[in-house]
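Chemist: Before I ask anything, let me first share the structure, which is written out below as structure tokens.
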Amino acid sequence: MGVLTFRGGVHPYEGKELSSKKPIEKLDPGPELVYLMSQHIGAPAKPVVAVGDRVLRGQMIGEAGGFVSAPVYASVSGTVKEIGTRKTATGAPATAVIIENDQKYESVSFEGAKLENLSREEILERIRKAGVVGMGGAGFPTAVKLAPKDPSVIDHILVNASECEPYLTSDYRCLMEEPEKIAAGLEVILKLFGPSCEGVICIEDNKLDAAEVMRNAISGKSRMRVAVTKTKYPEGAERSLIKAVTGREVNSSMLPADAGCVVDNVQTVIAVYEAVIEGKPLMERVFTISGDAPKDPKNFRVPVGTPYTRIIEADGGFLGNPEKVISGGPMMGFALADLDVPVTKTSGALTCFLHDPVKNLESGPCIRCGKCIEVCPQRLVPCRLLDIVLHGDMQRFQAEYGMECVACGCCSYNCPAKRPLAVNINAMRGKVLAERKKNRK
């Protein structure tokens, strides 16, 4: 049997060697932390503290704002300095609680538990209460994801350890340094489903050392295995991973659960373990700073709320003035116009470049070469979709399956004419979704 993979995809320069061998370092978050109340898909959290309040590490400062929402916790002890508005990585405004760090790190007490003593409902409640969300970027509340309408149809729990985005190595370092937590977290999740459900830790074949570490960590545990997938972007996308490992198809009208799967990022699985077994809320994450601009690309354990500027400072600054700084990786991250942005539960990296190779590119006419079609993992025709978008034809866009786009950017990356395929197609998807939401009201 060959290495597991999916149709399409690209092979950008990986850049992993810059930080992959750097062990995780604990980062001092600095004097002031900013906690956005919108750190997940769904309703924002609601502040439950007031200006002047003293808070402890692990204390709830924002309660869930609805069923699809998640609470937010302080990652330091200190005083609430302000409740106001701050920008997210995308530039959108969000309510935020600003805490002045007293550097004492006094904490609430955490109540651990033994897995064998917990019911399904108690496990889900501990995950929900801890504010665990998808830490691979999507930010969907994990307790909701792990409670599908019919749990009996779930036969695969896929631990997404692919980390296919260039430069990022935070998940790889978790595999190498915390394999026991990953195995234990997967064990917690498997208890929520039937005995036929299998846990599969999915690792690309450029991380064979991590695959071996995880095989050792799950040795002797039932219902778990490691699956090695072909190194290719976007292997870590939910639909691509499900196709590669199970052979099943998922489209835009489906959830992974409709294909019998639940997909969770490797750091999410660690957070599940800490929430259920240790009783800890989600307060920190592992974070990569990389690219050719940072003086010392590395991996930090970063408290949620830490300003990006503090991470850059702790890393020693830049070798020169970077032309582009991206929140996330270069394929799907967000270019930052302002570095005054805090780390959230879904923040995985800062990728920083001295020179921006994209800014001076000139887009030319489509030459009908088909290269965008060859690499599209959803089997779309991006060149045709762009023409439809430029004509503003929303109905035809949907008829040509434009809503199946996963915004991976493979088409733009592979286009010799450098046409802005992905950004325009994704913008039209946003318009369609907004129109659908408007019509439902």
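For the structure tokens, the naming scheme is as follows: chains receive sequential letters (A, B, ...) according to their order of presentation, residues are indexed from 1 within each chain, and ligands are indexed from 1 in presentation order.
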Need to verify the contact set: region 178-184 of chain A, 10 Å, only C-alpha atoms, exclusion of same-chain residues closer than 4 positions in sequence. Can you return it as a PDB file with all heavy atoms, in the first residue's frame?

Modeler:
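Output (result-v3.pdb):
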ATOM      1  N   LEU A 115     -10.247   9.201  34.443  1.00  0.00           N
ATOM      2  CA  LEU A 115     -11.122   8.970  33.296  1.00  0.00           C
ATOM      3  C   LEU A 115     -12.164   7.897  33.588  1.00  0.00           C
ATOM      4  O   LEU A 115     -13.331   8.032  33.211  1.00  0.00           O
ATOM      5  CB  LEU A 115     -10.282   8.594  32.070  1.00  0.00           C
ATOM      6  CG  LEU A 115     -11.051   8.375  30.766  1.00  0.00           C
ATOM      7  CD1 LEU A 115     -11.834   9.622  30.385  1.00  0.00           C
ATOM      8  CD2 LEU A 115     -10.091   7.978  29.642  1.00  0.00           C
ATOM      9  N   VAL A 159      -6.570  12.536  14.590  1.00  0.00           N
ATOM     10  CA  VAL A 159      -5.743  13.557  15.240  1.00  0.00           C
ATOM     11  C   VAL A 159      -4.886  14.194  14.156  1.00  0.00           C
ATOM     12  O   VAL A 159      -3.998  13.552  13.587  1.00  0.00           O
ATOM     13  CB  VAL A 159      -4.860  12.949  16.347  1.00  0.00           C
ATOM     14  CG1 VAL A 159      -3.999  14.036  16.983  1.00  0.00           C
ATOM     15  CG2 VAL A 159      -5.710  12.261  17.401  1.00  0.00           C
ATOM     16  N   ASP A 171       3.214  22.063  16.253  1.00  0.00           N
ATOM     17  CA  ASP A 171       2.592  20.751  16.443  1.00  0.00           C
ATOM     18  C   ASP A 171       3.644  19.644  16.442  1.00  0.00           C
ATOM     19  O   ASP A 171       3.552  18.675  17.206  1.00  0.00           O
ATOM     20  CB  ASP A 171       1.559  20.485  15.342  1.00  0.00           C
ATOM     21  CG  ASP A 171       0.295  21.320  15.506  1.00  0.00           C
ATOM     22  OD1 ASP A 171       0.167  22.013  16.544  1.00  0.00           O
ATOM     23  OD2 ASP A 171      -0.560  21.288  14.605  1.00  0.00           O
ATOM     24  N   TYR A 172       4.646  19.789  15.588  1.00  0.00           N
ATOM     25  CA  TYR A 172       5.731  18.801  15.549  1.00  0.00           C
ATOM     26  C   TYR A 172       6.438  18.733  16.898  1.00  0.00           C
ATOM     27  O   TYR A 172       6.718  17.643  17.413  1.00  0.00           O
ATOM     28  CB  TYR A 172       6.730  19.178  14.456  1.00  0.00           C
ATOM     29  CG  TYR A 172       8.015  18.379  14.495  1.00  0.00           C
ATOM     30  CD1 TYR A 172       8.055  17.055  14.063  1.00  0.00           C
ATOM     31  CD2 TYR A 172       9.185  18.953  14.988  1.00  0.00           C
ATOM     32  CE1 TYR A 172       9.231  16.322  14.119  1.00  0.00           C
ATOM     33  CE2 TYR A 172      10.366  18.229  15.042  1.00  0.00           C
ATOM     34  CZ  TYR A 172      10.388  16.922  14.612  1.00  0.00           C
ATOM     35  OH  TYR A 172      11.550  16.197  14.671  1.00  0.00           O
ATOM     36  N   ARG A 173       6.700  19.891  17.504  1.00  0.00           N
ATOM     37  CA  ARG A 173       7.369  19.886  18.802  1.00  0.00           C
ATOM     38  C   ARG A 173       6.480  19.263  19.875  1.00  0.00           C
ATOM     39  O   ARG A 173       6.976  18.596  20.791  1.00  0.00           O
ATOM     40  CB  ARG A 173       7.771  21.306  19.219  1.00  0.00           C
ATOM     41  CG  ARG A 173       8.868  21.954  18.406  1.00  0.00           C
ATOM     42  CD  ARG A 173      10.078  21.067  18.169  1.00  0.00           C
ATOM     43  NE  ARG A 173      10.592  20.408  19.378  1.00  0.00           N
ATOM     44  CZ  ARG A 173      11.581  19.520  19.379  1.00  0.00           C
ATOM     45  NH1 ARG A 173      12.141  19.162  18.238  1.00  0.00           N
ATOM     46  NH2 ARG A 173      11.999  18.983  20.497  1.00  0.00           N
ATOM     47  N   CYS A 174       5.162  19.444  19.769  1.00  0.00           N
ATOM     48  CA  CYS A 174       4.253  18.783  20.714  1.00  0.00           C
ATOM     49  C   CYS A 174       4.327  17.268  20.561  1.00  0.00           C
ATOM     50  O   CYS A 174       4.320  16.526  21.560  1.00  0.00           O
ATOM     51  CB  CYS A 174       2.821  19.270  20.498  1.00  0.00           C
ATOM     52  SG  CYS A 174       2.521  20.976  21.021  1.00  0.00           S
ATOM     53  N   VAL A 188      -9.258   9.917  26.067  1.00  0.00           N
ATOM     54  CA  VAL A 188     -10.440  10.603  26.581  1.00  0.00           C
ATOM     55  C   VAL A 188     -11.505  10.710  25.503  1.00  0.00           C
ATOM     56  O   VAL A 188     -12.683  10.395  25.722  1.00  0.00           O
ATOM     57  CB  VAL A 188     -10.060  12.011  27.095  1.00  0.00           C
ATOM     58  CG1 VAL A 188     -11.318  12.823  27.410  1.00  0.00           C
ATOM     59  CG2 VAL A 188      -9.172  11.920  28.328  1.00  0.00           C
ATOM     60  N   ILE A 189     -11.111  11.139  24.303  1.00  0.00           N
ATOM     61  CA  ILE A 189     -12.073  11.337  23.215  1.00  0.00           C
ATOM     62  C   ILE A 189     -12.701  10.014  22.805  1.00  0.00           C
ATOM     63  O   ILE A 189     -13.918   9.929  22.563  1.00  0.00           O
ATOM     64  CB  ILE A 189     -11.384  12.021  22.017  1.00  0.00           C
ATOM     65  CG1 ILE A 189     -10.940  13.437  22.402  1.00  0.00           C
ATOM     66  CG2 ILE A 189     -12.315  12.076  20.807  1.00  0.00           C
ATOM     67  CD1 ILE A 189     -10.079  14.133  21.367  1.00  0.00           C
ATOM     68  N   LEU A 190     -11.900   8.960  22.740  1.00  0.00           N
ATOM     69  CA  LEU A 190     -12.436   7.653  22.337  1.00  0.00           C
ATOM     70  C   LEU A 190     -13.494   7.143  23.299  1.00  0.00           C
ATOM     71  O   LEU A 190     -14.404   6.397  22.904  1.00  0.00           O
ATOM     72  CB  LEU A 190     -11.299   6.634  22.211  1.00  0.00           C
ATOM     73  CG  LEU A 190     -10.410   6.782  20.976  1.00  0.00           C
ATOM     74  CD1 LEU A 190      -9.184   5.884  21.081  1.00  0.00           C
ATOM     75  CD2 LEU A 190     -11.194   6.465  19.703  1.00  0.00           C
ATOM     76  N   GLY A 199      -8.988   5.604  16.902  1.00  0.00           N
ATOM     77  CA  GLY A 199      -8.236   6.840  16.924  1.00  0.00           C
ATOM     78  C   GLY A 199      -7.020   6.744  16.028  1.00  0.00           C
ATOM     79  O   GLY A 199      -6.202   5.834  16.188  1.00  0.00           O
ATOM     80  N   ILE A 201      -3.723   8.820  14.538  1.00  0.00           N
ATOM     81  CA  ILE A 201      -2.843   9.985  14.620  1.00  0.00           C
ATOM     82  C   ILE A 201      -2.177  10.150  13.269  1.00  0.00           C
ATOM     83  O   ILE A 201      -1.387   9.300  12.841  1.00  0.00           O
ATOM     84  CB  ILE A 201      -1.805   9.802  15.742  1.00  0.00           C
ATOM     85  CG1 ILE A 201      -2.520   9.556  17.078  1.00  0.00           C
ATOM     86  CG2 ILE A 201      -0.895  11.028  15.834  1.00  0.00           C
ATOM     87  CD1 ILE A 201      -1.630   9.015  18.167  1.00  0.00           C
ATOM     88  N   ALA A 210       8.682  11.744  14.469  1.00  0.00           N
ATOM     89  CA  ALA A 210       7.516  11.987  15.318  1.00  0.00           C
ATOM     90  C   ALA A 210       6.543  10.816  15.251  1.00  0.00           C
ATOM     91  O   ALA A 210       5.914  10.457  16.255  1.00  0.00           O
ATOM     92  CB  ALA A 210       6.816  13.271  14.896  1.00  0.00           C
ATOM     93  N   VAL A 213       7.854   8.236  17.596  1.00  0.00           N
ATOM     94  CA  VAL A 213       7.610   8.653  18.981  1.00  0.00           C
ATOM     95  C   VAL A 213       6.167   8.370  19.378  1.00  0.00           C
ATOM     96  O   VAL A 213       5.894   7.858  20.477  1.00  0.00           O
ATOM     97  CB  VAL A 213       7.945  10.152  19.162  1.00  0.00           C
ATOM     98  CG1 VAL A 213       7.403  10.688  20.488  1.00  0.00           C
ATOM     99  CG2 VAL A 213       9.446  10.379  19.094  1.00  0.00           C
ATOM    100  N   MET A 214       5.233   8.666  18.473  1.00  0.00           N
ATOM    101  CA  MET A 214       3.824   8.450  18.795  1.00  0.00           C
ATOM    102  C   MET A 214       3.485   6.953  18.821  1.00  0.00           C
ATOM    103  O   MET A 214       2.653   6.521  19.629  1.00  0.00           O
ATOM    104  CB  MET A 214       2.927   9.181  17.797  1.00  0.00           C
ATOM    105  CG  MET A 214       2.840  10.689  18.007  1.00  0.00           C
ATOM    106  SD  MET A 214       2.482  11.236  19.709  1.00  0.00           S
ATOM    107  CE  MET A 214       1.042  10.257  20.121  1.00  0.00           C
ATOM    108  N   ARG A 215       4.098   6.171  17.962  1.00  0.00           N
ATOM    109  CA  ARG A 215       3.858   4.716  18.016  1.00  0.00           C
ATOM    110  C   ARG A 215       4.278   4.170  19.380  1.00  0.00           C
ATOM    111  O   ARG A 215       3.590   3.316  19.953  1.00  0.00           O
ATOM    112  CB  ARG A 215       4.631   4.011  16.901  1.00  0.00           C
ATOM    113  CG  ARG A 215       4.046   4.200  15.513  1.00  0.00           C
ATOM    114  CD  ARG A 215       4.664   3.229  14.518  1.00  0.00           C
ATOM    115  NE  ARG A 215       4.208   3.508  13.160  1.00  0.00           N
ATOM    116  CZ  ARG A 215       4.891   4.212  12.273  1.00  0.00           C
ATOM    117  NH1 ARG A 215       6.082   4.720  12.603  1.00  0.00           N
ATOM    118  NH2 ARG A 215       4.411   4.429  11.066  1.00  0.00           N
ATOM    119  N   ASN A 216       5.392   4.650  19.895  1.00  0.00           N
ATOM    120  CA  ASN A 216       5.846   4.214  21.214  1.00  0.00           C
ATOM    121  C   ASN A 216       4.876   4.682  22.303  1.00  0.00           C
ATOM    122  O   ASN A 216       4.615   3.950  23.268  1.00  0.00           O
ATOM    123  CB  ASN A 216       7.249   4.752  21.498  1.00  0.00           C
ATOM    124  CG  ASN A 216       8.304   4.105  20.625  1.00  0.00           C
ATOM    125  OD1 ASN A 216       8.143   2.969  20.167  1.00  0.00           O
ATOM    126  ND2 ASN A 216       9.395   4.818  20.364  1.00  0.00           N
ATOM    127  N   ALA A 217       4.344   5.890  22.149  1.00  0.00           N
ATOM    128  CA  ALA A 217       3.448   6.449  23.168  1.00  0.00           C
ATOM    129  C   ALA A 217       2.127   5.695  23.249  1.00  0.00           C
ATOM    130  O   ALA A 217       1.523   5.604  24.327  1.00  0.00           O
ATOM    131  CB  ALA A 217       3.193   7.927  22.883  1.00  0.00           C
ATOM    132  N   ILE A 218       1.648   5.159  22.119  1.00  0.00           N
ATOM    133  CA  ILE A 218       0.359   4.451  22.123  1.00  0.00           C
ATOM    134  C   ILE A 218       0.529   2.945  22.217  1.00  0.00           C
ATOM    135  O   ILE A 218      -0.454   2.204  22.183  1.00  0.00           O
ATOM    136  CB  ILE A 218      -0.473   4.803  20.876  1.00  0.00           C
ATOM    137  CG1 ILE A 218       0.212   4.300  19.602  1.00  0.00           C
ATOM    138  CG2 ILE A 218      -0.728   6.312  20.810  1.00  0.00           C
ATOM    139  CD1 ILE A 218      -0.634   4.497  18.340  1.00  0.00           C
ATOM    140  N   SER A 219       1.764   2.492  22.354  1.00  0.00           N
ATOM    141  CA  SER A 219       2.015   1.054  22.461  1.00  0.00           C
ATOM    142  C   SER A 219       1.253   0.483  23.654  1.00  0.00           C
ATOM    143  O   SER A 219       1.315   1.006  24.767  1.00  0.00           O
ATOM    144  CB  SER A 219       3.517   0.806  22.636  1.00  0.00           C
ATOM    145  OG  SER A 219       3.777  -0.569  22.800  1.00  0.00           O
ATOM    146  N   LYS A 221      -1.958   0.490  23.959  1.00  0.00           N
ATOM    147  CA  LYS A 221      -3.289   1.090  24.035  1.00  0.00           C
ATOM    148  C   LYS A 221      -4.145   0.561  22.883  1.00  0.00           C
ATOM    149  O   LYS A 221      -3.689   0.476  21.750  1.00  0.00           O
ATOM    150  CB  LYS A 221      -3.210   2.615  23.975  1.00  0.00           C
ATOM    151  CG  LYS A 221      -2.499   3.249  25.170  1.00  0.00           C
ATOM    152  CD  LYS A 221      -2.518   4.763  25.069  1.00  0.00           C
ATOM    153  CE  LYS A 221      -1.802   5.414  26.239  1.00  0.00           C
ATOM    154  NZ  LYS A 221      -2.550   5.238  27.496  1.00  0.00           N
ATOM    155  N   MET A 224      -6.013   2.549  18.827  1.00  0.00           N
ATOM    156  CA  MET A 224      -5.202   3.678  18.358  1.00  0.00           C
ATOM    157  C   MET A 224      -4.140   3.195  17.381  1.00  0.00           C
ATOM    158  O   MET A 224      -3.589   2.107  17.557  1.00  0.00           O
ATOM    159  CB  MET A 224      -4.490   4.383  19.525  1.00  0.00           C
ATOM    160  CG  MET A 224      -5.370   5.036  20.536  1.00  0.00           C
ATOM    161  SD  MET A 224      -4.358   5.962  21.744  1.00  0.00           S
ATOM    162  CE  MET A 224      -5.546   6.167  23.068  1.00  0.00           C
ATOM    163  N   VAL A 266      -3.700  18.407  16.943  1.00  0.00           N
ATOM    164  CA  VAL A 266      -2.919  17.759  17.987  1.00  0.00           C
ATOM    165  C   VAL A 266      -2.896  18.586  19.282  1.00  0.00           C
ATOM    166  O   VAL A 266      -2.974  18.022  20.387  1.00  0.00           O
ATOM    167  CB  VAL A 266      -1.485  17.479  17.471  1.00  0.00           C
ATOM    168  CG1 VAL A 266      -0.704  18.749  17.233  1.00  0.00           C
ATOM    169  CG2 VAL A 266      -0.722  16.576  18.412  1.00  0.00           C
ATOM    170  N   GLN A 267      -2.840  19.911  19.181  1.00  0.00           N
ATOM    171  CA  GLN A 267      -2.851  20.726  20.397  1.00  0.00           C
ATOM    172  C   GLN A 267      -4.230  20.737  21.050  1.00  0.00           C
ATOM    173  O   GLN A 267      -4.344  20.868  22.276  1.00  0.00           O
ATOM    174  CB  GLN A 267      -2.367  22.142  20.099  1.00  0.00           C
ATOM    175  CG  GLN A 267      -0.896  22.215  19.732  1.00  0.00           C
ATOM    176  CD  GLN A 267      -0.303  23.594  19.894  1.00  0.00           C
ATOM    177  OE1 GLN A 267      -0.381  24.213  20.955  1.00  0.00           O
ATOM    178  NE2 GLN A 267       0.312  24.098  18.829  1.00  0.00           N
ATOM    179  N   THR A 268      -5.278  20.587  20.259  1.00  0.00           N
ATOM    180  CA  THR A 268      -6.619  20.462  20.817  1.00  0.00           C
ATOM    181  C   THR A 268      -6.726  19.202  21.661  1.00  0.00           C
ATOM    182  O   THR A 268      -7.333  19.207  22.740  1.00  0.00           O
ATOM    183  CB  THR A 268      -7.675  20.431  19.697  1.00  0.00           C
ATOM    184  OG1 THR A 268      -7.490  21.542  18.829  1.00  0.00           O
ATOM    185  CG2 THR A 268      -9.080  20.458  20.263  1.00  0.00           C
ATOM    186  N   VAL A 269      -6.137  18.116  21.172  1.00  0.00           N
ATOM    187  CA  VAL A 269      -6.178  16.848  21.908  1.00  0.00           C
ATOM    188  C   VAL A 269      -5.437  16.980  23.243  1.00  0.00           C
ATOM    189  O   VAL A 269      -5.882  16.454  24.266  1.00  0.00           O
ATOM    190  CB  VAL A 269      -5.587  15.713  21.049  1.00  0.00           C
ATOM    191  CG1 VAL A 269      -5.520  14.405  21.831  1.00  0.00           C
ATOM    192  CG2 VAL A 269      -6.439  15.510  19.791  1.00  0.00           C
ATOM    193  N   ILE A 270      -4.320  17.695  23.241  1.00  0.00           N
ATOM    194  CA  ILE A 270      -3.603  17.957  24.500  1.00  0.00           C
ATOM    195  C   ILE A 270      -4.489  18.775  25.438  1.00  0.00           C
ATOM    196  O   ILE A 270      -4.566  18.502  26.646  1.00  0.00           O
ATOM    197  CB  ILE A 270      -2.274  18.687  24.222  1.00  0.00           C
ATOM    198  CG1 ILE A 270      -1.301  17.762  23.500  1.00  0.00           C
ATOM    199  CG2 ILE A 270      -1.655  19.189  25.524  1.00  0.00           C
ATOM    200  CD1 ILE A 270      -0.009  18.437  23.054  1.00  0.00           C
ATOM    201  N   ALA A 271      -5.176  19.793  24.907  1.00  0.00           N
ATOM    202  CA  ALA A 271      -6.054  20.624  25.722  1.00  0.00           C
ATOM    203  C   ALA A 271      -7.205  19.807  26.302  1.00  0.00           C
ATOM    204  O   ALA A 271      -7.640  20.066  27.435  1.00  0.00           O
ATOM    205  CB  ALA A 271      -6.589  21.795  24.889  1.00  0.00           C
ATOM    206  N   VAL A 272      -7.705  18.843  25.541  1.00  0.00           N
ATOM    207  CA  VAL A 272      -8.753  17.946  26.055  1.00  0.00           C
ATOM    208  C   VAL A 272      -8.236  17.152  27.251  1.00  0.00           C
ATOM    209  O   VAL A 272      -8.904  17.025  28.278  1.00  0.00           O
ATOM    210  CB  VAL A 272      -9.254  17.002  24.943  1.00  0.00           C
ATOM    211  CG1 VAL A 272     -10.066  15.844  25.527  1.00  0.00           C
ATOM    212  CG2 VAL A 272     -10.082  17.766  23.924  1.00  0.00           C
ATOM    213  N   TYR A 273      -7.032  16.616  27.122  1.00  0.00           N
ATOM    214  CA  TYR A 273      -6.426  15.880  28.241  1.00  0.00           C
ATOM    215  C   TYR A 273      -6.309  16.777  29.473  1.00  0.00           C
ATOM    216  O   TYR A 273      -6.698  16.392  30.588  1.00  0.00           O
ATOM    217  CB  TYR A 273      -5.044  15.354  27.852  1.00  0.00           C
ATOM    218  CG  TYR A 273      -4.193  14.998  29.053  1.00  0.00           C
ATOM    219  CD1 TYR A 273      -4.404  13.806  29.745  1.00  0.00           C
ATOM    220  CD2 TYR A 273      -3.212  15.867  29.507  1.00  0.00           C
ATOM    221  CE1 TYR A 273      -3.654  13.500  30.875  1.00  0.00           C
ATOM    222  CE2 TYR A 273      -2.452  15.571  30.634  1.00  0.00           C
ATOM    223  CZ  TYR A 273      -2.671  14.390  31.310  1.00  0.00           C
ATOM    224  OH  TYR A 273      -1.943  14.091  32.428  1.00  0.00           O
ATOM    225  N   GLU A 274      -5.783  17.976  29.301  1.00  0.00           N
ATOM    226  CA  GLU A 274      -5.569  18.866  30.439  1.00  0.00           C
ATOM    227  C   GLU A 274      -6.887  19.292  31.067  1.00  0.00           C
ATOM    228  O   GLU A 274      -6.985  19.431  32.298  1.00  0.00           O
ATOM    229  CB  GLU A 274      -4.757  20.082  30.001  1.00  0.00           C
ATOM    230  CG  GLU A 274      -3.314  19.720  29.626  1.00  0.00           C
ATOM    231  CD  GLU A 274      -2.488  20.902  29.171  1.00  0.00           C
ATOM    232  OE1 GLU A 274      -3.093  21.937  28.810  1.00  0.00           O
ATOM    233  OE2 GLU A 274      -1.240  20.798  29.170  1.00  0.00           O
ATOM    234  N   ILE A 277      -8.563  15.536  32.576  1.00  0.00           N
ATOM    235  CA  ILE A 277      -7.781  14.800  33.572  1.00  0.00           C
ATOM    236  C   ILE A 277      -7.139  15.732  34.599  1.00  0.00           C
ATOM    237  O   ILE A 277      -7.099  15.429  35.791  1.00  0.00           O
ATOM    238  CB  ILE A 277      -6.694  13.948  32.878  1.00  0.00           C
ATOM    239  CG1 ILE A 277      -7.333  13.029  31.821  1.00  0.00           C
ATOM    240  CG2 ILE A 277      -5.920  13.133  33.907  1.00  0.00           C
ATOM    241  CD1 ILE A 277      -8.419  12.114  32.361  1.00  0.00           C
TER     242      ILE A 277
END

Chemist: What are the closest atom pairs, with distances in Å to one decimal, for all residues of region 132-184 of chain A lying within 12 Å of region 321-328 of chain A? Consider only C-alpha atoms, order rows by chain and residue number, and present the result as a Markdown table.

Modeler:
| residue | atom | partner | partner_atom | distance |
| --- | --- | --- | --- | --- |
| A:Met135 | CA | A:Gly328 | CA | 11.8 |
| A:Gly136 | CA | A:Gly328 | CA | 10.0 |
| A:Gly137 | CA | A:Gly328 | CA | 8.6 |
| A:Ala138 | CA | A:Gly328 | CA | 12.0 |
| A:Glu163 | CA | A:Gly328 | CA | 11.5 |
| A:Cys164 | CA | A:Gly328 | CA | 12.0 |
| A:Glu165 | CA | A:Gly328 | CA | 8.6 |
| A:Pro166 | CA | A:Gly328 | CA | 9.6 |
| A:Tyr167 | CA | A:Gly328 | CA | 9.3 |
| A:Leu168 | CA | A:Gly328 | CA | 8.0 |
| A:Thr169 | CA | A:Gly328 | CA | 11.3 |
| A:Ser170 | CA | A:Gly328 | CA | 11.2 |

Chemist: Take the residues from that selection and put them in a file with all heavy atoms, as an mmCIF file, in the first residue's frame.

Modeler:
data_model
loop_
_atom_site.group_PDB
_atom_site.id
_atom_site.type_symbol
_atom_site.label_atom_id
_atom_site.label_comp_id
_atom_site.auth_asym_id
_atom_site.auth_seq_id
_atom_site.Cartn_x
_atom_site.Cartn_y
_atom_site.Cartn_z
ATOM 1 N N MET A 135 -7.694 24.216 17.865
ATOM 2 C CA MET A 135 -6.498 25.058 17.916
ATOM 3 C C MET A 135 -5.689 25.018 16.628
ATOM 4 O O MET A 135 -4.588 25.569 16.565
ATOM 5 C CB MET A 135 -5.642 24.654 19.112
ATOM 6 C CG MET A 135 -6.357 24.901 20.435
ATOM 7 S SD MET A 135 -5.530 24.200 21.868
ATOM 8 C CE MET A 135 -4.115 25.301 22.018
ATOM 9 N N GLY A 136 -6.240 24.389 15.587
ATOM 10 C CA GLY A 136 -5.569 24.372 14.300
ATOM 11 C C GLY A 136 -5.881 25.588 13.454
ATOM 12 O O GLY A 136 -5.356 25.738 12.353
ATOM 13 N N GLY A 137 -6.761 26.444 13.951
ATOM 14 C CA GLY A 137 -7.092 27.661 13.213
ATOM 15 C C GLY A 137 -8.574 27.931 13.117
ATOM 16 O O GLY A 137 -9.008 29.078 13.105
ATOM 17 N N ALA A 138 -9.397 26.875 13.074
ATOM 18 C CA ALA A 138 -10.836 27.069 12.885
ATOM 19 C C ALA A 138 -11.509 27.596 14.144
ATOM 20 O O ALA A 138 -12.381 28.466 14.083
ATOM 21 C CB ALA A 138 -11.484 25.764 12.443
ATOM 22 N N GLU A 163 0.378 19.261 10.043
ATOM 23 C CA GLU A 163 1.110 20.544 10.028
ATOM 24 C C GLU A 163 1.740 20.786 8.651
ATOM 25 O O GLU A 163 2.951 20.938 8.500
ATOM 26 C CB GLU A 163 2.178 20.572 11.124
ATOM 27 C CG GLU A 163 2.602 21.984 11.502
ATOM 28 C CD GLU A 163 3.387 22.033 12.793
ATOM 29 O OE1 GLU A 163 4.231 21.144 13.025
ATOM 30 O OE2 GLU A 163 3.166 22.959 13.584
ATOM 31 N N CYS A 164 0.868 20.852 7.637
ATOM 32 C CA CYS A 164 1.333 20.967 6.253
ATOM 33 C C CYS A 164 1.697 22.397 5.870
ATOM 34 O O CYS A 164 2.362 22.618 4.853
ATOM 35 C CB CYS A 164 0.263 20.438 5.305
ATOM 36 S SG CYS A 164 -1.303 21.344 5.383
ATOM 37 N N GLU A 165 1.248 23.379 6.660
ATOM 38 C CA GLU A 165 1.570 24.781 6.362
ATOM 39 C C GLU A 165 3.078 24.999 6.467
ATOM 40 O O GLU A 165 3.714 24.585 7.441
ATOM 41 C CB GLU A 165 0.842 25.685 7.349
ATOM 42 C CG GLU A 165 1.040 27.165 7.128
ATOM 43 C CD GLU A 165 0.138 27.759 6.063
ATOM 44 O OE1 GLU A 165 -1.068 27.488 6.066
ATOM 45 O OE2 GLU A 165 0.667 28.520 5.234
ATOM 46 N N PRO A 166 3.706 25.638 5.475
ATOM 47 C CA PRO A 166 5.145 25.899 5.548
ATOM 48 C C PRO A 166 5.550 26.660 6.807
ATOM 49 O O PRO A 166 4.780 27.459 7.332
ATOM 50 C CB PRO A 166 5.407 26.734 4.292
ATOM 51 C CG PRO A 166 4.312 26.362 3.345
ATOM 52 C CD PRO A 166 3.118 26.105 4.208
ATOM 53 N N TYR A 167 6.762 26.400 7.269
ATOM 54 C CA TYR A 167 7.426 27.078 8.385
ATOM 55 C C TYR A 167 6.922 26.667 9.773
ATOM 56 O O TYR A 167 7.677 26.738 10.744
ATOM 57 C CB TYR A 167 7.351 28.616 8.247
ATOM 58 C CG TYR A 167 8.117 29.155 7.078
ATOM 59 C CD1 TYR A 167 7.501 29.361 5.846
ATOM 60 C CD2 TYR A 167 9.478 29.439 7.175
ATOM 61 C CE1 TYR A 167 8.207 29.837 4.746
ATOM 62 C CE2 TYR A 167 10.197 29.918 6.087
ATOM 63 C CZ TYR A 167 9.559 30.117 4.871
ATOM 64 O OH TYR A 167 10.264 30.588 3.797
ATOM 65 N N LEU A 168 5.682 26.265 9.925
ATOM 66 C CA LEU A 168 5.138 25.992 11.248
ATOM 67 C C LEU A 168 5.676 24.668 11.813
ATOM 68 O O LEU A 168 5.702 23.659 11.097
ATOM 69 C CB LEU A 168 3.608 25.933 11.211
ATOM 70 C CG LEU A 168 2.873 27.282 11.289
ATOM 71 C CD1 LEU A 168 3.275 28.219 10.178
ATOM 72 C CD2 LEU A 168 1.374 27.066 11.305
ATOM 73 N N THR A 169 6.092 24.683 13.070
ATOM 74 C CA THR A 169 6.628 23.473 13.699
ATOM 75 C C THR A 169 6.124 23.275 15.127
ATOM 76 O O THR A 169 6.613 22.423 15.853
ATOM 77 C CB THR A 169 8.176 23.508 13.722
ATOM 78 O OG1 THR A 169 8.624 24.685 14.411
ATOM 79 C CG2 THR A 169 8.749 23.502 12.311
ATOM 80 N N SER A 170 5.137 24.038 15.549
ATOM 81 C CA SER A 170 4.644 23.930 16.927
ATOM 82 C C SER A 170 4.002 22.569 17.189
ATOM 83 O O SER A 170 4.231 21.958 18.250
ATOM 84 C CB SER A 170 3.651 25.059 17.230
ATOM 85 O OG SER A 170 2.592 25.080 16.294
#

Chemist: Excluding Gly15 (chain A) and its own-chain neighbours fewer than 3 positions away, which residues fall within 12 Å of it when counting only C-alpha atoms? Please give them as a VMD selection string.

Modeler: chain A and resid 11 to 12 18 to 20 164 to 169 206 288 to 292 297 329 to 330 351 to 353
